[in-house]
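Text of the file final28.txt, holding compact mmCIF, C-alpha atoms:
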```txt
# COMPACT_ATOMS: atom_id res chain seq x y z
CA GLY A 1 -9.87 2.62 7.27
CA LEU A 2 -9.80 1.26 10.81
CA ASP A 3 -9.62 -2.41 11.83
CA VAL A 4 -10.04 -2.87 15.58
CA ALA A 5 -8.28 -5.55 17.63
CA ARG A 6 -8.05 -6.53 21.27
CA THR A 7 -6.14 -4.23 23.60
CA ALA A 8 -3.35 -6.81 23.77
CA GLY A 9 -2.42 -9.97 21.95
CA ASN A 10 -1.38 -11.08 18.48
CA ASP A 11 -3.91 -8.91 16.61
CA ASN A 12 -3.28 -5.26 15.82
CA THR A 13 -5.54 -2.26 15.48
CA ALA A 14 -4.62 -1.04 12.02
CA ILE A 15 -5.14 2.50 10.71
CA VAL A 16 -4.90 3.36 7.01
CA ILE A 17 -5.43 6.80 5.47
CA LEU A 18 -6.10 7.26 1.77
CA LYS A 19 -5.88 10.54 -0.09
CA LEU A 20 -8.37 10.51 -2.98
CA VAL A 21 -7.09 12.17 -6.14
CA PRO A 22 -9.78 12.79 -8.81
CA ASP A 23 -9.05 12.14 -12.49
CA ASN A 24 -12.00 13.88 -14.12
CA LYS A 25 -11.03 12.72 -17.60
CA LYS A 26 -11.08 9.02 -16.71
CA LYS A 27 -13.82 9.55 -14.10
CA ILE A 28 -11.90 7.71 -11.40
CA LEU A 29 -10.32 8.40 -8.05
CA GLU A 30 -6.75 7.34 -7.46
CA ARG A 31 -6.30 6.04 -3.92
CA HIS A 32 -2.98 7.21 -2.48
CA LEU A 33 -2.03 5.47 0.76
CA VAL A 34 -0.46 8.39 2.64
CA TYR A 35 -0.35 7.15 6.23
CA GLN A 36 -0.48 3.92 8.21
CA LYS A 37 -0.12 3.04 11.86
CA ILE A 38 -0.38 -0.11 13.95
CA LEU A 39 -1.53 0.02 17.58
CA ASN A 40 -0.99 -2.90 19.92
CA GLY A 41 -1.50 -3.23 23.66
CA LYS A 42 -3.46 0.02 24.02
CA THR A 43 -6.83 0.52 25.70
CA PHE A 44 -9.79 1.90 23.76
CA ASN A 45 -9.22 5.27 25.43
CA GLU A 46 -5.56 5.29 24.32
CA GLN A 47 -6.51 4.18 20.82
CA ALA A 48 -9.15 6.93 20.56
CA THR A 49 -6.57 9.53 21.67
CA GLU A 50 -4.10 8.30 19.06
CA ILE A 51 -6.77 8.36 16.33
CA ARG A 52 -7.66 11.96 17.18
CA LYS A 53 -3.99 12.95 16.95
CA ILE A 54 -3.80 11.39 13.49
CA LEU A 55 -7.00 13.15 12.40
CA ASN A 56 -5.53 16.49 13.45
CA LYS A 57 -2.65 15.83 11.06
CA PHE A 58 -4.74 14.24 8.32
CA PRO A 59 -8.29 15.71 8.34
CA CYS A 60 -10.56 13.01 6.95
CA ASP A 61 -14.05 13.24 5.47
CA GLU A 62 -14.97 9.69 6.44
CA ILE A 63 -13.80 6.92 8.75
CA HIS A 64 -14.77 3.37 7.76
CA MET A 65 -14.35 0.94 10.62
CA ASP A 66 -15.31 -2.49 11.85
CA THR A 67 -17.98 -2.07 14.54
CA THR A 68 -18.54 -5.78 15.06
CA GLY A 69 -17.84 -6.87 18.65
CA LEU A 70 -14.70 -5.07 19.86
CA GLY A 71 -15.04 -2.36 17.25
CA LEU A 72 -18.21 -1.14 18.90
CA GLY A 73 -16.25 -0.39 22.08
CA LEU A 74 -13.80 1.85 20.23
CA SER A 75 -16.64 3.50 18.31
CA ASP A 76 -18.36 4.41 21.60
CA GLU A 77 -15.06 5.73 22.98
CA LEU A 78 -14.64 7.99 19.94
CA ALA A 79 -18.21 9.23 20.47
CA LYS A 80 -17.15 10.90 23.74
CA PRO A 81 -16.06 14.58 23.70
CA SER A 82 -12.32 15.01 24.13
CA ILE A 83 -9.89 17.77 25.08
CA ASP A 84 -6.96 18.46 22.78
CA PRO A 85 -3.84 18.16 25.02
CA VAL A 86 -2.01 20.80 22.97
CA THR A 87 -4.67 23.50 22.56
CA ASN A 88 -6.90 22.53 25.52
CA GLU A 89 -9.86 22.97 23.19
CA ILE A 90 -12.85 20.63 23.35
CA GLU A 91 -12.99 18.32 20.34
CA PRO A 92 -16.41 17.13 19.20
CA ALA A 93 -17.59 13.57 19.54
CA LEU A 94 -16.86 11.42 16.49
CA CYS A 95 -20.09 9.56 15.77
CA ASP A 96 -21.26 6.67 13.60
CA VAL A 97 -23.85 7.42 10.92
CA ASN A 98 -25.06 3.82 11.24
CA ASN A 99 -25.47 3.89 15.03
CA GLU A 100 -29.00 4.78 16.16
CA GLU A 101 -27.87 5.49 19.75
CA HIS A 102 -25.33 8.02 18.48
CA LYS A 103 -28.02 9.69 16.35
CA ASN A 104 -30.46 9.93 19.24
CA ASP A 105 -28.07 10.75 22.09
CA ILE A 106 -25.41 12.89 20.35
CA PRO A 107 -27.24 14.94 17.67
CA ASP A 108 -24.46 17.58 17.61
CA GLY A 109 -21.67 15.03 17.07
CA ASN A 110 -19.37 14.94 14.07
CA PHE A 111 -20.85 12.04 12.09
CA ILE A 112 -17.87 10.97 10.00
CA ILE A 113 -17.67 7.33 11.13
CA HIS A 114 -19.24 4.67 8.92
CA GLY A 115 -19.51 1.55 11.04
CA HIS A 116 -19.67 -1.81 9.24
CA LYS A 117 -20.88 -5.16 10.57
CA PHE A 118 -18.83 -8.04 9.22
CA SER A 119 -20.67 -10.91 7.55
CA LEU A 120 -20.06 -13.28 4.63
CA ASP A 121 -21.58 -10.72 2.28
CA PHE A 122 -19.54 -7.82 3.66
CA ASN A 123 -16.30 -9.83 3.70
CA HIS A 124 -16.95 -10.65 0.04
CA GLN A 125 -17.43 -6.95 -0.80
CA LEU A 126 -14.29 -6.03 1.15
CA GLY A 127 -12.14 -8.61 -0.63
CA MET A 128 -13.46 -7.72 -4.07
CA SER A 129 -12.75 -4.03 -3.46
CA VAL A 130 -9.11 -4.74 -2.57
CA LYS A 131 -8.79 -7.10 -5.54
CA GLN A 132 -10.32 -4.71 -8.09
CA ASN A 133 -8.52 -1.59 -6.87
CA THR A 134 -5.13 -3.32 -6.96
CA GLN A 135 -5.77 -4.93 -10.36
CA LYS A 136 -6.84 -1.58 -11.81
CA ARG A 137 -3.76 0.02 -10.20
CA LEU A 138 -5.89 2.61 -8.45
CA LEU A 139 -4.24 1.93 -5.09
CA ARG A 140 -0.90 3.72 -4.89
CA MET A 141 1.54 2.84 -2.12
CA TYR A 142 5.02 3.91 -1.07
CA SER A 143 7.92 1.89 -2.46
CA GLN A 144 11.67 1.89 -1.85
CA GLU A 145 12.12 4.36 -4.72
CA ALA A 146 10.33 6.97 -2.58
CA LEU A 147 13.42 7.24 -0.35
CA ASP A 148 16.16 6.60 -2.89
CA SER A 149 16.64 10.32 -3.49
CA VAL A 150 16.35 11.27 0.20
CA ALA A 151 19.74 11.74 1.84
CA ASN A 152 18.61 11.54 5.46
CA PRO A 153 15.11 10.04 5.72
CA THR A 154 13.29 10.55 9.00
CA MET A 155 12.33 7.65 11.24
CA GLU A 156 8.66 8.28 10.35
CA GLU A 157 9.46 7.96 6.63
CA ILE A 158 11.35 4.71 7.23
CA LEU A 159 8.49 3.29 9.30
CA MET A 160 5.95 4.32 6.65
CA LEU A 161 7.94 2.45 4.00
CA ASP A 162 8.10 -0.61 6.25
CA GLU A 163 4.33 -0.48 6.88
CA ALA A 164 3.63 -0.15 3.14
CA GLU A 165 5.75 -3.23 2.46
CA LYS A 166 3.91 -5.24 5.14
CA THR A 167 0.57 -4.17 3.70
CA ARG A 168 1.74 -5.19 0.24
CA ARG A 169 2.70 -8.61 1.58
CA GLU A 170 -0.69 -9.09 3.22
CA ILE A 171 -2.51 -8.16 0.02
CA MET A 172 -0.37 -10.57 -2.02
CA SER A 173 -0.92 -13.38 0.51
CA ILE A 174 -4.72 -13.24 0.57
CA GLU A 175 -6.43 -16.38 -0.67
CA ALA A 176 -10.03 -16.39 -1.92
CA ARG A 177 -12.16 -19.45 -1.31
CA PRO A 178 -15.78 -20.07 -2.36
CA ARG A 179 -18.34 -20.37 0.41
CA GLY A 180 -21.92 -20.64 -0.82
CA ASN A 181 -22.69 -17.61 -2.98
CA PHE A 182 -19.71 -15.65 -1.67
CA LEU A 183 -15.94 -15.66 -1.59
CA THR A 184 -14.10 -15.62 1.73
CA PHE A 185 -10.70 -13.95 1.92
CA ASP A 186 -8.07 -15.08 4.37
CA VAL A 187 -4.32 -15.52 4.76
CA PRO A 188 -2.49 -18.80 5.32
CA ARG A 189 -0.55 -19.20 8.54
CA GLY A 190 3.10 -18.34 8.15
CA GLY A 191 4.38 -17.16 4.79
CA MET A 192 5.41 -13.63 3.95
CA SER A 193 2.39 -12.05 5.69
CA GLU A 194 2.99 -14.02 8.90
CA GLY A 195 -0.67 -15.06 8.94
CA ARG A 196 -1.89 -11.49 9.49
CA LYS A 197 -4.49 -9.46 7.66
CA ASP A 198 -4.99 -6.45 9.97
CA ARG A 199 -3.53 -4.04 7.40
CA TRP A 200 -5.41 -5.75 4.57
CA THR A 201 -8.72 -5.29 6.40
CA ALA A 202 -8.07 -1.61 7.24
CA THR A 203 -7.03 -0.98 3.64
CA GLY A 204 -10.15 -2.76 2.39
CA LEU A 205 -12.40 -0.64 4.62
CA ALA A 206 -10.80 2.55 3.30
CA LEU A 207 -11.10 1.30 -0.29
CA LEU A 208 -14.79 0.43 0.14
CA GLY A 209 -15.41 3.96 1.35
CA SER A 210 -13.51 5.40 -1.62
CA ASP A 211 -15.54 3.21 -4.00
CA ALA A 212 -18.76 4.78 -2.71
CA ILE A 213 -17.33 8.30 -2.97
CA GLU A 214 -16.14 7.63 -6.52
CA LYS A 215 -19.55 6.30 -7.50
CA ASP A 216 -21.31 9.38 -6.09
CA MET A 217 -18.80 11.78 -7.61
CA PHE A 218 -18.86 10.49 -11.17
CA ARG A 219 -22.39 9.10 -11.39
CA SER A 220 -24.25 10.37 -14.47
CA LYS A 221 -27.07 12.76 -13.58
CA ASN A 222 -29.28 10.93 -16.09
CA GLU A 223 -28.96 7.68 -14.14
CA VAL A 224 -30.36 8.84 -10.82
CA MET A 225 -33.33 10.67 -9.32
CA THR A 226 -32.52 13.10 -6.54
CA LEU A 227 -34.44 14.89 -3.82
CA GLY A 228 -33.11 17.85 -1.87
CA VAL A 229 -29.53 19.03 -2.00
CA ILE A 230 -26.44 16.88 -2.52
CA GLY A 231 -23.58 18.14 -0.39
CA ARG A 232 -20.09 18.51 -1.84
CA ARG A 233 -17.21 16.50 -0.45
CA ASN A 234 -13.84 18.07 0.29
CA PHE A 235 -10.61 16.26 -0.53
CA TYR A 236 -7.40 16.81 1.39
```
Taking this structure as input, can you express it in the form of structure tokens?
Amino acid sequence: GLDVARTAGNDNTAIVILKLVPDNKKKILERHLVYQKILNGKTFNEQATEIRKILNKFPCDEIHMDTTGLGLGLSDELAKPSIDPVTNEIEPALCDVNNEEHKNDIPDGNFIIHGHKFSLDFNHQLGMSVKQNTQKRLLRMYSQEALDSVANPTMEEILMLDEAEKTRREIMSIEARPRGNFLTFDVPRGGMSEGRKDRWTATGLALLGSDAIEKDMFRSKNEVMTLGVIGRRNFY
């Protein structure tokens, strides 16, 4: 899940990685939040470089990101070939399955990005996904107990715990308000989330993607008609 913000200012670009753990008996996917990072004050080029570093550590099947406005700039930056600074190997362009220019101009790209345009309808879907996944306890996050038995936790482990707590606060602070046929989800200024919802949005994008994967994975064969071959997904 990737929520894009300005290169500098109060907003953050938030990155959330979920590991999907299948429970074939219950026909569900547990969503384990295994990594988070906040980027602030970085250009799109710097953000794209950081995202590629994270993907080398956590290979992902799909990236769900906001491609409204500023997000489109980062999406186009990721769609450029890159050179790995460690191996000096050329890394393929990361392309958006919903971007016609990417499809036409970069046919050999790695199409793992799912770009989403924000609207009242989409914001409603995003909020409901976060709400339902937390209520069903399908979203698993780090807590203080994770480090209680660790004698000398690393700085990365401490920061991960801090990020998980901030995400938890944002989720708990979200307020739903009716607007026409939809619900809008926002955070009040101040309070325990400090008026932010960058992490909430990135988490929601990742959860929406996991909802679609879960639906495809456990859908009854008697409920759908298929043409061609359905590819298998790999879980890391």
The distance between CA of Ile174 (chain A) and CA of Pro188 (chain A) is 7.6 Å
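For the pair CA of Gln36 (chain A) and CA of Ile15 (chain A), the separation is 5.5 Å.
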Q: Could you please determine the separation between CA of Arg199 (chain A) and CA of Asn12 (chain A) in Å, to one decimal place?
A: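 Taking CA of Arg199 (chain A) and CA of Asn12 (chain A), their separation equals 8.5 Å.
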Residues near Ala79 (chain A), cut-off 12 Å, all atoms listed in the file, skip fewer than 3 positions along chain, as an MDAnalysis selection string:
chainID A and resid 44:45 48:49 52 72:76 82 91:97 99 101:103 105:113
Closest of A:Asn24, A:His32, A:Ala206, A:Thr184 to Arg137 (chain A), counting only C-alpha atoms, is A:His32
Inset, instruction - For Phe122 (chain A), please output as a list in words all residues within 10 Å (counting all atoms listed in the file; exclusion window: fewer than 5 positions along the same chain). - result: His116, Lys117, Gly127, Met128, Phe182 and Thr184 of chain A
Do you know which residues lie at most 7 Å from (-4.3, -3.3, 0.9), with coordinates as in the file and only C-alpha atoms counted, and could you write them as a list in words?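 Checking each residue against the 7 Å limit leaves Val130, Thr167, Arg168, Ile171, Arg199, Trp200, Thr203 and Gly204 of chain A.
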Item to complete: May I have the residues within 7 Å of Gly1 (chain A) as number ranges by chain, using only C-alpha atoms and disregarding those fewer than 6 positions away in the same chain?
Response: A: 15-17, 63-65, 202-203, 205-206
Among A:Gln47, A:Thr201, A:Thr13, A:Asn98, Leu126 (chain A) is approached most closely, using all atoms listed in the file, by A:Thr201
